[in-house]
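Engineer: To be precise about what I am sending: the file is called target.tsv and holds TSV, C-alpha atoms.
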```
chain	number	residue	atom	x	y	z
A	174	MET	CA	-41.20	-101.66	-12.29
A	175	ASP	CA	-44.42	-99.68	-11.80
A	176	PRO	CA	-47.18	-101.39	-13.85
A	177	GLU	CA	-48.72	-98.00	-14.71
A	178	PHE	CA	-45.38	-96.87	-16.16
A	179	ILE	CA	-45.18	-100.07	-18.22
A	180	GLU	CA	-48.71	-99.54	-19.50
A	181	GLU	CA	-48.05	-95.93	-20.52
A	182	PHE	CA	-44.65	-96.78	-21.99
A	183	ALA	CA	-46.20	-99.60	-24.03
A	184	GLU	CA	-48.68	-97.08	-25.46
A	185	VAL	CA	-45.76	-95.06	-26.87
A	186	PHE	CA	-45.09	-98.05	-29.15
A	187	ASP	CA	-48.79	-98.82	-29.69
A	188	LEU	CA	-48.48	-102.02	-27.65
A	189	GLU	CA	-50.43	-103.62	-24.79
A	190	SER	CA	-48.65	-103.70	-21.44
A	191	GLU	CA	-48.38	-107.53	-21.57
A	192	GLU	CA	-46.25	-107.16	-24.69
A	193	MET	CA	-43.78	-104.80	-22.98
A	194	THR	CA	-41.71	-107.43	-21.19
A	195	GLU	CA	-38.07	-107.11	-20.18
A	196	GLY	CA	-37.17	-109.14	-23.26
A	197	TYR	CA	-39.01	-106.77	-25.63
A	198	LYS	CA	-36.59	-105.80	-28.40
A	199	PHE	CA	-36.64	-102.24	-29.75
A	200	GLU	CA	-36.52	-102.24	-33.53
A	201	GLY	CA	-33.31	-100.22	-33.81
A	202	PRO	CA	-32.87	-96.44	-33.79
A	203	GLU	CA	-35.68	-95.98	-36.36
A	204	CYS	CA	-38.32	-96.90	-33.78
A	205	TRP	CA	-37.34	-93.84	-31.73
A	206	ASP	CA	-39.08	-91.05	-33.61
A	207	SER	CA	-39.25	-87.60	-32.02
A	208	LEU	CA	-42.59	-88.35	-30.37
A	209	ALA	CA	-41.38	-91.64	-28.84
A	210	ILE	CA	-38.28	-89.89	-27.48
A	211	VAL	CA	-40.08	-86.99	-25.81
A	212	SER	CA	-42.81	-89.31	-24.51
A	213	THR	CA	-40.20	-91.56	-22.88
A	214	ILE	CA	-38.38	-88.60	-21.29
A	215	ALA	CA	-41.69	-87.32	-19.94
A	216	LEU	CA	-42.78	-90.70	-18.55
A	217	VAL	CA	-39.46	-91.39	-16.84
A	218	ASP	CA	-39.55	-87.90	-15.32
A	219	GLN	CA	-43.14	-88.35	-14.19
A	220	TYR	CA	-42.74	-91.80	-12.61
A	221	PHE	CA	-39.14	-91.70	-11.34
A	222	ASP	CA	-38.21	-88.00	-11.21
A	223	ILE	CA	-35.12	-88.67	-13.34
A	224	ALA	CA	-33.93	-86.72	-16.38
A	225	LEU	CA	-32.88	-89.26	-19.04
A	226	LYS	CA	-30.96	-88.11	-22.09
A	227	ALA	CA	-32.18	-89.27	-25.49
A	228	ASP	CA	-28.76	-90.61	-26.56
A	229	GLU	CA	-28.65	-92.79	-23.43
A	230	PHE	CA	-31.92	-94.67	-23.82
A	231	THR	CA	-32.14	-94.87	-27.61
A	232	LYS	CA	-29.07	-97.16	-27.42
A	233	CYS	CA	-31.00	-99.71	-25.34
A	234	GLN	CA	-31.62	-102.93	-27.26
A	235	THR	CA	-34.41	-104.20	-25.00
A	236	PHE	CA	-36.95	-102.85	-22.54
A	237	GLY	CA	-34.96	-104.71	-19.84
A	238	GLU	CA	-31.92	-102.53	-20.61
A	239	LEU	CA	-34.03	-99.40	-20.31
A	240	VAL	CA	-35.36	-100.58	-16.94
A	241	LYS	CA	-31.75	-101.17	-15.79
A	242	LEU	CA	-30.75	-97.68	-16.98
A	243	VAL	CA	-33.56	-96.14	-14.95
A	244	ASN	CA	-32.75	-98.24	-11.87
A	245	ASP	CA	-29.03	-97.36	-12.10
A	246	LYS	CA	-29.88	-93.65	-12.31
A	247	LYS	CA	-32.22	-93.92	-9.36
A	248	GLY	CA	-29.23	-95.24	-7.42
B	192	MET	CA	-44.75	-45.84	-5.94
B	193	PRO	CA	-47.30	-46.49	-8.72
B	194	SER	CA	-48.12	-50.11	-9.52
B	195	ALA	CA	-48.26	-51.42	-13.09
B	196	THR	CA	-51.35	-53.14	-14.39
B	197	ILE	CA	-52.29	-54.95	-17.60
B	198	ASN	CA	-54.86	-52.60	-19.03
B	199	ALA	CA	-55.72	-54.12	-22.42
B	200	ILE	CA	-54.61	-56.86	-24.82
B	201	ALA	CA	-55.25	-57.23	-28.55
B	202	SER	CA	-53.79	-59.89	-30.79
B	203	TYR	CA	-53.39	-60.43	-34.49
B	204	LEU	CA	-53.10	-63.67	-36.46
B	205	PRO	CA	-52.28	-63.84	-40.17
B	206	ASP	CA	-55.08	-65.15	-42.45
B	207	ARG	CA	-53.16	-68.09	-43.93
B	208	ARG	CA	-53.78	-71.35	-42.05
B	209	LEU	CA	-51.84	-74.58	-41.78
B	210	THR	CA	-54.18	-77.28	-40.44
B	211	ASN	CA	-53.42	-80.76	-39.10
B	212	GLU	CA	-55.06	-82.12	-42.27
B	213	ASP	CA	-52.54	-80.13	-44.35
B	214	LEU	CA	-49.65	-81.59	-42.32
B	215	ALA	CA	-51.01	-85.15	-42.48
B	216	ALA	CA	-51.28	-84.82	-46.27
B	217	GLU	CA	-47.62	-83.75	-46.46
B	218	PHE	CA	-46.36	-86.35	-44.00
B	219	PRO	CA	-48.45	-89.50	-44.63
B	220	ASP	CA	-47.27	-91.38	-41.50
B	221	TRP	CA	-48.40	-88.47	-39.29
B	222	GLU	CA	-52.01	-88.92	-38.18
B	223	VAL	CA	-54.36	-85.96	-37.71
B	224	ASP	CA	-55.74	-87.25	-34.38
B	225	LYS	CA	-52.28	-88.04	-33.04
B	226	ILE	CA	-51.03	-84.52	-33.88
B	227	PHE	CA	-53.92	-82.95	-32.00
B	228	LYS	CA	-53.70	-85.33	-29.05
B	229	LYS	CA	-50.02	-84.64	-28.48
B	230	THR	CA	-49.83	-80.94	-29.34
B	231	GLY	CA	-53.31	-79.59	-28.52
B	232	ILE	CA	-53.08	-77.72	-31.82
B	233	GLU	CA	-55.64	-77.88	-34.64
B	234	SER	CA	-54.27	-75.15	-36.88
B	235	ARG	CA	-51.54	-72.53	-37.06
B	236	ALA	CA	-51.50	-69.09	-38.65
B	237	ILE	CA	-48.66	-68.48	-41.09
B	238	ALA	CA	-47.52	-65.00	-42.12
B	239	ALA	CA	-47.76	-64.11	-45.81
B	240	ALA	CA	-44.48	-64.04	-47.74
B	241	ASP	CA	-44.33	-60.25	-47.54
B	242	GLU	CA	-45.70	-59.96	-43.99
B	243	THR	CA	-43.15	-59.35	-41.22
B	244	ALA	CA	-43.20	-59.33	-37.43
B	245	GLY	CA	-43.21	-55.51	-37.67
B	246	ASP	CA	-46.32	-55.64	-39.88
B	247	MET	CA	-48.10	-57.97	-37.47
B	248	ALA	CA	-47.04	-55.82	-34.50
B	249	PHE	CA	-48.57	-52.82	-36.31
B	250	LYS	CA	-51.85	-54.68	-36.85
B	251	ALA	CA	-52.09	-55.92	-33.25
B	252	ALA	CA	-51.41	-52.42	-31.87
B	253	THR	CA	-53.88	-50.82	-34.31
B	254	LYS	CA	-56.54	-53.26	-33.08
B	255	LEU	CA	-55.70	-52.33	-29.48
B	256	PHE	CA	-56.25	-48.62	-30.22
B	257	GLU	CA	-59.48	-49.35	-32.11
B	258	THR	CA	-61.00	-51.50	-29.40
B	259	ASN	CA	-59.94	-49.55	-26.30
B	260	SER	CA	-60.23	-46.00	-25.07
B	261	ILE	CA	-56.45	-45.46	-24.89
B	262	GLN	CA	-55.15	-42.58	-27.03
B	263	ARG	CA	-52.00	-42.95	-29.12
B	264	GLY	CA	-50.69	-39.73	-27.58
B	265	ASP	CA	-50.77	-41.32	-24.13
B	266	ILE	CA	-48.20	-44.00	-24.98
B	267	ASP	CA	-44.84	-42.98	-23.56
B	268	PHE	CA	-42.89	-46.20	-24.11
B	269	LEU	CA	-42.97	-48.82	-26.87
B	270	MET	CA	-41.26	-52.20	-26.51
B	271	LEU	CA	-41.14	-54.83	-29.20
B	272	CYS	CA	-40.09	-58.36	-28.31
B	273	THR	CA	-39.10	-60.27	-31.44
B	274	GLN	CA	-36.47	-62.60	-32.84
B	275	SER	CA	-37.52	-61.81	-36.39
B	276	PRO	CA	-36.96	-58.04	-36.64
B	277	ASP	CA	-37.68	-56.23	-39.90
B	278	TYR	CA	-34.03	-55.12	-40.22
B	279	PHE	CA	-30.67	-55.56	-38.50
B	280	LEU	CA	-31.02	-51.81	-38.09
B	281	PRO	CA	-32.86	-49.57	-37.46
B	282	THR	CA	-34.74	-50.94	-34.47
B	283	THR	CA	-38.18	-52.19	-35.55
B	284	ALA	CA	-39.77	-50.43	-32.54
B	285	CYS	CA	-38.51	-47.07	-33.91
B	286	VAL	CA	-40.12	-47.82	-37.28
B	287	LEU	CA	-43.33	-48.77	-35.43
B	288	GLN	CA	-43.35	-45.51	-33.41
B	289	HIS	CA	-43.76	-43.69	-36.72
B	290	ARG	CA	-46.16	-46.17	-38.34
B	291	LEU	CA	-48.38	-46.19	-35.25
B	292	GLU	CA	-48.26	-42.36	-35.00
B	293	LEU	CA	-47.02	-42.46	-31.43
B	294	PRO	CA	-45.56	-39.26	-29.96
B	295	THR	CA	-41.87	-38.58	-30.65
B	296	SER	CA	-41.46	-38.17	-26.88
B	297	CYS	CA	-42.09	-41.93	-26.65
B	298	GLY	CA	-39.17	-44.21	-25.77
B	299	ALA	CA	-38.81	-47.26	-28.02
B	300	LEU	CA	-36.68	-50.37	-28.07
B	301	ASP	CA	-36.59	-53.93	-29.35
B	302	PHE	CA	-35.52	-56.81	-27.19
B	303	ASN	CA	-34.57	-60.22	-28.46
B	304	LEU	CA	-36.16	-63.02	-26.46
B	305	GLY	CA	-38.40	-65.94	-27.37
B	306	CYS	CA	-40.88	-67.76	-25.19
B	307	SER	CA	-39.84	-65.95	-22.00
B	308	GLY	CA	-40.21	-62.55	-23.70
B	309	PHE	CA	-43.64	-61.56	-22.37
B	310	ILE	CA	-42.55	-62.01	-18.73
B	311	TYR	CA	-39.39	-59.97	-19.38
B	312	GLY	CA	-41.52	-57.29	-21.05
B	313	LEU	CA	-43.79	-57.11	-17.99
B	314	SER	CA	-40.72	-56.90	-15.76
B	315	LEU	CA	-39.23	-54.01	-17.78
B	316	ALA	CA	-42.59	-52.23	-18.01
B	317	LYS	CA	-43.11	-52.52	-14.28
B	318	GLY	CA	-39.63	-51.05	-13.70
B	319	LEU	CA	-40.30	-48.11	-16.02
B	320	ILE	CA	-43.68	-47.41	-14.41
B	321	SER	CA	-42.66	-47.80	-10.78
B	322	SER	CA	-39.63	-45.53	-11.36
B	323	LYS	CA	-42.03	-42.99	-12.95
B	324	GLN	CA	-40.24	-42.99	-16.31
B	325	ALA	CA	-43.44	-44.05	-18.06
B	326	LYS	CA	-47.20	-44.23	-17.45
B	327	ASN	CA	-48.41	-46.22	-20.44
B	328	VAL	CA	-46.12	-48.87	-21.88
B	329	LEU	CA	-47.10	-50.59	-25.11
B	330	LEU	CA	-45.51	-54.06	-25.08
B	331	ILE	CA	-45.75	-55.86	-28.41
B	332	THR	CA	-44.66	-59.47	-28.81
B	333	ALA	CA	-44.52	-60.52	-32.46
B	334	GLU	CA	-42.90	-63.48	-34.16
B	335	THR	CA	-42.65	-65.14	-37.58
B	336	TYR	CA	-40.75	-68.35	-36.82
B	337	SER	CA	-42.44	-69.91	-39.89
B	338	LYS	CA	-39.89	-68.06	-42.02
B	339	TYR	CA	-37.06	-69.92	-40.23
B	340	LEU	CA	-38.56	-73.41	-40.56
B	341	ASN	CA	-37.28	-76.11	-42.88
B	342	SER	CA	-40.41	-77.40	-44.65
B	343	GLU	CA	-39.16	-81.00	-44.14
B	344	ASP	CA	-38.86	-80.61	-40.35
B	345	ARG	CA	-42.29	-81.77	-39.27
B	346	SER	CA	-41.72	-81.49	-35.53
B	347	VAL	CA	-41.20	-77.71	-35.64
B	348	ARG	CA	-43.79	-77.13	-38.36
B	349	THR	CA	-46.35	-78.90	-36.17
B	350	ILE	CA	-45.72	-76.72	-33.15
B	351	PHE	CA	-44.99	-73.16	-34.28
B	352	GLY	CA	-47.38	-70.54	-35.63
B	353	ASP	CA	-46.99	-66.83	-36.39
B	354	GLY	CA	-48.75	-64.02	-34.58
B	355	ALA	CA	-48.51	-60.84	-32.58
B	356	ALA	CA	-50.01	-59.46	-29.38
B	357	ALA	CA	-50.13	-55.88	-28.15
B	358	THR	CA	-50.42	-55.40	-24.39
B	359	LEU	CA	-50.98	-52.05	-22.71
B	360	ILE	CA	-49.43	-51.77	-19.26
B	361	SER	CA	-50.47	-48.67	-17.32
B	362	ALA	CA	-49.65	-46.98	-14.04
B	363	SER	CA	-52.22	-47.49	-11.32
B	364	GLU	CA	-52.50	-46.28	-7.75
B	365	ASP	CA	-54.51	-49.17	-6.32
B	366	GLY	CA	-51.54	-51.47	-5.74
B	367	ALA	CA	-52.90	-54.31	-7.89
B	368	GLY	CA	-51.43	-55.49	-11.17
B	369	ILE	CA	-48.01	-56.97	-11.85
B	370	GLY	CA	-46.69	-58.41	-8.59
B	371	GLY	CA	-43.61	-60.47	-7.81
B	372	ILE	CA	-41.36	-61.63	-10.63
B	373	VAL	CA	-38.56	-64.18	-10.91
B	374	LEU	CA	-36.29	-64.47	-13.94
B	375	GLY	CA	-33.66	-66.99	-15.00
B	376	THR	CA	-31.10	-67.70	-17.71
B	377	ASP	CA	-28.89	-70.64	-18.69
B	378	GLY	CA	-26.93	-69.93	-21.86
B	379	SER	CA	-25.43	-73.42	-21.83
B	380	GLY	CA	-28.59	-74.46	-23.67
B	381	ALA	CA	-28.09	-71.97	-26.53
B	382	GLU	CA	-27.33	-74.68	-29.12
B	383	ASN	CA	-30.58	-76.56	-28.47
B	384	LEU	CA	-32.87	-73.96	-30.03
B	385	ILE	CA	-31.00	-71.84	-32.50
B	386	VAL	CA	-31.00	-70.11	-35.88
B	387	ARG	CA	-27.30	-69.97	-36.77
B	388	GLU	CA	-27.45	-68.43	-40.22
B	389	GLY	CA	-27.78	-64.80	-41.17
B	390	ALA	CA	-26.04	-63.06	-38.25
B	391	ALA	CA	-22.40	-62.46	-37.32
B	392	LYS	CA	-21.46	-65.94	-36.04
B	393	GLY	CA	-23.25	-67.65	-38.89
B	394	THR	CA	-22.99	-67.16	-42.60
B	395	LEU	CA	-24.37	-63.82	-43.66
B	396	GLY	CA	-26.85	-64.17	-46.47
B	397	LYS	CA	-27.44	-67.90	-45.95
B	398	THR	CA	-31.06	-68.98	-45.50
B	399	PRO	CA	-31.86	-69.03	-41.77
B	400	GLU	CA	-33.01	-72.38	-40.41
B	401	LEU	CA	-34.36	-73.01	-36.93
B	402	LYS	CA	-32.87	-76.10	-35.28
B	403	MET	CA	-34.61	-77.48	-32.22
B	404	ALA	CA	-33.40	-80.35	-30.03
B	405	GLY	CA	-36.85	-81.25	-28.70
B	406	PRO	CA	-35.72	-83.80	-26.08
B	407	GLU	CA	-33.19	-81.34	-24.63
B	408	ILE	CA	-35.80	-78.59	-24.44
B	409	LEU	CA	-38.19	-80.98	-22.68
B	410	ASN	CA	-35.54	-81.97	-20.12
B	411	PHE	CA	-34.64	-78.33	-19.50
B	412	THR	CA	-38.29	-77.38	-19.01
B	413	LEU	CA	-39.07	-80.23	-16.62
B	414	GLU	CA	-35.92	-79.44	-14.64
B	415	ALA	CA	-35.98	-75.62	-14.48
B	416	ILE	CA	-39.63	-74.60	-14.44
B	417	PRO	CA	-40.97	-76.36	-11.33
B	418	GLY	CA	-38.13	-74.75	-9.32
B	419	CYS	CA	-38.91	-71.37	-10.87
B	420	ILE	CA	-42.61	-71.62	-9.97
B	421	ASN	CA	-41.97	-72.86	-6.43
B	422	GLY	CA	-39.34	-70.14	-5.95
B	423	LEU	CA	-41.82	-67.46	-7.00
B	424	LEU	CA	-44.53	-68.80	-4.69
B	425	GLU	CA	-42.06	-68.91	-1.80
B	426	GLN	CA	-40.81	-65.39	-2.54
B	427	GLU	CA	-44.38	-64.08	-2.53
B	428	HIS	CA	-45.45	-66.13	0.51
B	429	LEU	CA	-48.12	-67.87	-1.54
B	430	ASN	CA	-49.27	-71.48	-1.88
B	431	LEU	CA	-50.38	-73.24	-5.04
B	432	ASP	CA	-53.96	-73.01	-3.70
B	433	ASP	CA	-53.80	-69.18	-3.58
B	434	ILE	CA	-53.50	-69.02	-7.38
B	435	ASP	CA	-56.74	-68.91	-9.41
B	436	HIS	CA	-55.24	-69.37	-12.88
B	437	PHE	CA	-51.95	-70.70	-14.18
B	438	VAL	CA	-51.20	-69.28	-17.62
B	439	PHE	CA	-47.93	-70.69	-18.95
B	440	HIS	CA	-46.29	-70.15	-22.31
B	441	GLN	CA	-48.43	-72.24	-24.66
B	442	ALA	CA	-45.54	-74.33	-26.00
B	443	ASN	CA	-47.66	-77.40	-26.77
B	444	ALA	CA	-50.20	-79.44	-24.83
B	445	PHE	CA	-47.77	-82.29	-24.26
B	446	ILE	CA	-45.12	-80.26	-22.44
B	447	LEU	CA	-47.78	-78.25	-20.56
B	448	THR	CA	-49.50	-81.41	-19.31
B	449	GLN	CA	-46.16	-82.77	-18.07
B	450	LEU	CA	-45.49	-79.53	-16.20
B	451	ARG	CA	-48.99	-79.44	-14.75
B	452	ARG	CA	-48.67	-83.00	-13.43
B	453	LYS	CA	-45.22	-82.37	-12.02
B	454	LEU	CA	-46.36	-79.23	-10.20
B	455	LYS	CA	-49.63	-80.91	-9.11
B	456	ILE	CA	-51.74	-78.06	-10.45
B	457	PRO	CA	-55.48	-78.86	-10.74
B	458	LYS	CA	-56.58	-79.22	-14.36
B	459	GLU	CA	-59.38	-76.63	-14.06
B	460	LYS	CA	-56.92	-73.91	-13.02
B	461	PHE	CA	-54.43	-74.65	-15.76
B	462	CYS	CA	-54.76	-72.97	-19.14
B	463	ILE	CA	-54.22	-74.92	-22.38
B	464	ASN	CA	-56.05	-72.96	-25.07
B	465	MET	CA	-53.73	-72.77	-28.07
B	466	ASN	CA	-55.71	-75.06	-30.39
B	467	ASP	CA	-56.24	-72.32	-33.00
B	468	TYR	CA	-53.01	-70.30	-32.74
B	469	ALA	CA	-50.25	-72.84	-31.82
B	470	ASN	CA	-46.91	-71.83	-30.32
B	471	THR	CA	-46.55	-68.16	-31.26
B	472	VAL	CA	-43.44	-67.85	-29.06
B	473	SER	CA	-43.52	-64.61	-27.00
B	474	ALA	CA	-47.15	-63.94	-28.01
B	475	THR	CA	-48.76	-67.06	-26.50
B	476	ILE	CA	-49.26	-65.74	-22.95
B	477	PRO	CA	-51.08	-62.52	-23.94
B	478	MET	CA	-53.09	-64.51	-26.51
B	479	ALA	CA	-54.11	-66.99	-23.81
B	480	LEU	CA	-55.03	-64.12	-21.44
B	481	GLU	CA	-57.07	-62.42	-24.19
B	482	LYS	CA	-58.96	-65.65	-24.82
B	483	LEU	CA	-59.64	-66.14	-21.09
B	484	THR	CA	-60.92	-62.55	-20.93
B	485	ASP	CA	-63.19	-63.11	-23.94
B	486	GLN	CA	-64.54	-66.25	-22.25
B	487	LYS	CA	-65.14	-64.14	-19.10
B	488	SER	CA	-63.00	-66.58	-17.12
B	489	LEU	CA	-60.95	-63.88	-15.36
B	490	ASN	CA	-62.46	-61.85	-12.52
B	491	PRO	CA	-61.10	-58.75	-10.79
B	492	GLY	CA	-59.08	-59.85	-7.77
B	493	ASP	CA	-58.07	-63.18	-9.35
B	494	LYS	CA	-54.46	-64.15	-8.81
B	495	ILE	CA	-52.80	-65.36	-11.99
B	496	LEU	CA	-49.41	-66.99	-12.25
B	497	LEU	CA	-47.73	-66.44	-15.62
B	498	CYS	CA	-44.65	-68.37	-16.74
B	499	GLY	CA	-42.57	-68.24	-19.93
B	500	PHE	CA	-39.67	-70.55	-20.84
B	501	GLY	CA	-37.61	-71.53	-23.83
B	502	VAL	CA	-34.90	-70.39	-26.23
B	503	GLY	CA	-31.77	-69.07	-24.53
B	504	TYR	CA	-32.41	-70.88	-22.27
B	505	SER	CA	-34.38	-68.11	-20.70
B	506	TRP	CA	-37.35	-68.19	-18.34
B	507	GLY	CA	-39.43	-66.07	-16.04
B	508	ALA	CA	-42.60	-66.13	-13.98
B	509	CYS	CA	-44.75	-63.53	-12.31
B	510	ILE	CA	-47.90	-63.02	-10.28
B	511	ILE	CA	-50.69	-60.81	-11.59
B	512	ASP	CA	-53.51	-59.46	-9.46
B	513	TRP	CA	-56.11	-59.14	-12.20
B	514	THR	CA	-57.93	-55.81	-12.35
```
Show how you would write the structure in this file as structure tokens.

Structural biologist:
Amino acid sequence: MDPEFIEEFAEVFDLESEEMTEGYKFEGPECWDSLAIVSTIALVDQYFDIALKADEFTKCQTFGELVKLVNDKKG
Amino acid sequence: MPSATINAIASYLPDRRLTNEDLAAEFPDWEVDKIFKKTGIESRAIAAADETAGDMAFKAATKLFETNSIQRGDIDFLMLCTQSPDYFLPTTACVLQHRLELPTSCGALDFNLGCSGFIYGLSLAKGLISSKQAKNVLLITAETYSKYLNSEDRSVRTIFGDGAAATLISASEDGAGIGGIVLGTDGSGAENLIVREGAAKGTLGKTPELKMAGPEILNFTLEAIPGCINGLLEQEHLNLDDIDHFVFHQANAFILTQLRRKLKIPKEKFCINMNDYANTVSATIPMALEKLTDQKSLNPGDKILLCGFGVGYSWGACIIDWT
């Protein structure tokens, strides 16, 4: 995964990039406020040219699952 | 065939202001700096309780007549773009013809579009002028979305502001002005930005409430708009480098920055100047152009690419040779 993407994605959750590991657990649906959702859509579009739907990635339990979702979509 | 050129623009904003500080006080976990960083907005104008889109349209047009040499008697077509008309009927543009003391020989109509409305207005005005049905078209874009917003819905209250812009489009023989245009529509997105109440499919008499699925709108924008812009450039045999200014619908700084990056448009050519008026729907593009004119940033001969996108879904883009 692109380190710049990880760094920017970590910022969405006010974290450092070292903290955004594949094992990072999202704190349930509440952590996905409107800003976090649109920021994630924008970042995934920018780095991977993929349109992710909010109801797909807000189900992810960990950052690792989100990475897998992106990789699967990339095909 | 006469060409159609943007001759003058005048805008109006209501006096009442909703600042980021006001919003942060209402929503304590919303930080002032974060709101500005993401939206590019510092404050929004909010129409008074008894102030309508028709009233704001009247004020913007009155300012246009006061600050320019155009005579009211020279206007032969009036178009009002709004989704908050004064009445179901009659047409607000007809009421405005009388209030503005325009000639009774003037054609008048409303059209219902949101953020793409200014581009559609330019397209219609160009058609009327090039077919010699009109010489001076007054296009007014006026919106009071604030009256449709649920006070608890912070994401829409942060973005939208009220306002109106009056744009005079006139016939010209020099060939410059409104150039190529592309338009687009995808009604499958209707549900994602909608006011259901108050009209025939909703419940008549129920309080209207705007519902916006922000993530869906973002995905639509990032998917549809780059293709629209590239299609227009291709149609007009232009490259990105040929354009001096990109003036897109000022939705919010976040979405604009994403579009700019995706299209690889240099920052200095890309307009984000909505900090003091917010997303005024169909009025943002003329407001942005007026501001650029006031800042003396636009020169005769400059090529400007305008693009509007949003509710519908509906979108459009056009090239302007600035005169």

Engineer: Please determine, counting only C-alpha atoms, which residue among B:Ser275, B:Ser473, B:Asn410, B:Ser307 has the shortest atom-to-atom distance to chain A.

Structural biologist: B:Asn410

Engineer: Can you list, as a PDB file with C-alpha atoms, in the frame of the given file, every protein, DNA or RNA residue that comes within 7 Å of Lys326 of chain B when you count all atoms listed in the file, leaving out same-chain residues fewer than 6 positions away?

Structural biologist:
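File written: out36.pdb
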```pdb
ATOM      1  CA  ASP B 267     -44.840 -42.980 -23.560  1.00  0.00           C
ATOM      2  CA  ILE B 320     -43.680 -47.410 -14.410  1.00  0.00           C
ATOM      3  CA  SER B 361     -50.470 -48.670 -17.320  1.00  0.00           C
ATOM      4  CA  ALA B 362     -49.650 -46.980 -14.040  1.00  0.00           C
TER       5      ALA B 362
END
```

Engineer: Any idea what's packed within 12 Å of Gly264 of chain B, counting all atoms listed in the file, ignoring anything in its chain fewer than 4 positions away? Could you give it as JSON, numbers by chain?

Structural biologist: {"B": [256, 260, 268, 269, 288, 291, 292, 293, 294, 295, 296, 297, 326, 327, 328, 329]}

Engineer: Considering only C-alpha atoms, state which residue in the set B:Tyr339, B:Gly501, B:Ser322, B:Asp224 is at the smallest distance from Lys397 of chain B.

Structural biologist: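 Residue with the minimum atom-to-atom distance to Lys397 of chain B: B:Tyr339.
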
Engineer: Can you work out which residues from chain B touch chain A at a cut-off of 7 Å (counting all atoms listed in the file) and hand them back as a list in words?

Structural biologist: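 Going by the stated atoms only, the list reads Pro406, Asn410, Gln449 and Lys453 of chain B.
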
Engineer: How would the residues just picked look written out with C-alpha atoms as a PDB file, keeping the file's coordinate frame?

Structural biologist:
```pdb
ATOM      1  CA  PRO B 406     -35.720 -83.800 -26.080  1.00  0.00           C
ATOM      2  CA  ASN B 410     -35.540 -81.970 -20.120  1.00  0.00           C
ATOM      3  CA  GLN B 449     -46.160 -82.770 -18.070  1.00  0.00           C
ATOM      4  CA  LYS B 453     -45.220 -82.370 -12.020  1.00  0.00           C
TER       5      LYS B 453
END
```

Engineer: Pick out the closest residue to Glu257 of chain B from this set: B:Ile200, B:Ile446, B:Gly318, B:Phe411. Count only C-alpha atoms.

Structural biologist: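 The answer is B:Ile200, which sits nearest to Glu257 of chain B.
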
Engineer: Rounded to one decimal in Å, what is the spacing between atom CA of Arg290 of chain B and atom CA of Phe249 of chain B?

Structural biologist: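 Interatomic distance here is 7.4 Å.
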
Engineer: Calculated over only C-alpha atoms, which of the candidates B:Ser363, B:Asn430, B:Thr376, B:Thr349 has the smallest distance to Val502 of chain B?

Structural biologist: B:Thr376

Engineer: What gap, in Å, lies between atom CA of Ile197 of chain B and atom CA of Asn470 of chain B?

Structural biologist: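 Computing it gives 21.8 Å between the two atoms.
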
Engineer: Do you have the atom CA of Lys317 of chain B-atom CA of Leu271 of chain B distance handy?

Structural biologist: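 That distance, rounded to one decimal, is 15.2 Å.
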
Engineer: Might you pull out every residue within 7 Å of Ala244 of chain B, with only C-alpha atoms counted and same-chain residues fewer than 5 positions away left off, and present them as a PyMOL selection string?

Structural biologist: chain B and resi 275-277+333-335

Engineer: Please list as a PyMOL selection string every residue within 12 Å of Arg348 of chain B, counting all atoms listed in the file and excluding residues in the same chain fewer than 4 positions away.

Structural biologist: chain B and resi 209-211+213-215+217-218+226+230+232+234-237+336-344+352-353+400-403+469-471

Engineer: Extract, using only C-alpha atoms, all DNA, RNA and protein residues at most 12 Å from segment 198-206 of chain A, discarding same-chain residues fewer than 4 positions from it, and format them as JSON, numbers by chain.

Structural biologist: {"A": [183, 185, 186, 187, 192, 193, 194, 210, 211, 212, 213, 214, 227, 228, 229, 230, 231, 232, 233, 234, 235, 236, 237, 238, 239], "B": [220, 221, 345, 346, 405, 406]}

Engineer: Filtering to C-alpha atoms, could you give me those residues as a short mmCIF file (atom, residue, chain, number, x, y, z; two decimals), in the frame of the given file?

Structural biologist:
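Saved to out_31.cif:
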```
data_model
loop_
_atom_site.label_atom_id
_atom_site.label_comp_id
_atom_site.auth_asym_id
_atom_site.auth_seq_id
_atom_site.Cartn_x
_atom_site.Cartn_y
_atom_site.Cartn_z
CA ALA A 183 -46.20 -99.60 -24.03
CA VAL A 185 -45.76 -95.06 -26.87
CA PHE A 186 -45.09 -98.05 -29.15
CA ASP A 187 -48.79 -98.82 -29.69
CA GLU A 192 -46.25 -107.16 -24.69
CA MET A 193 -43.78 -104.80 -22.98
CA THR A 194 -41.71 -107.43 -21.19
CA ILE A 210 -38.28 -89.89 -27.48
CA VAL A 211 -40.08 -86.99 -25.81
CA SER A 212 -42.81 -89.31 -24.51
CA THR A 213 -40.20 -91.56 -22.88
CA ILE A 214 -38.38 -88.60 -21.29
CA ALA A 227 -32.18 -89.27 -25.49
CA ASP A 228 -28.76 -90.61 -26.56
CA GLU A 229 -28.65 -92.79 -23.43
CA PHE A 230 -31.92 -94.67 -23.82
CA THR A 231 -32.14 -94.87 -27.61
CA LYS A 232 -29.07 -97.16 -27.42
CA CYS A 233 -31.00 -99.71 -25.34
CA GLN A 234 -31.62 -102.93 -27.26
CA THR A 235 -34.41 -104.20 -25.00
CA PHE A 236 -36.95 -102.85 -22.54
CA GLY A 237 -34.96 -104.71 -19.84
CA GLU A 238 -31.92 -102.53 -20.61
CA LEU A 239 -34.03 -99.40 -20.31
CA ASP B 220 -47.27 -91.38 -41.50
CA TRP B 221 -48.40 -88.47 -39.29
CA ARG B 345 -42.29 -81.77 -39.27
CA SER B 346 -41.72 -81.49 -35.53
CA GLY B 405 -36.85 -81.25 -28.70
CA PRO B 406 -35.72 -83.80 -26.08
#
```
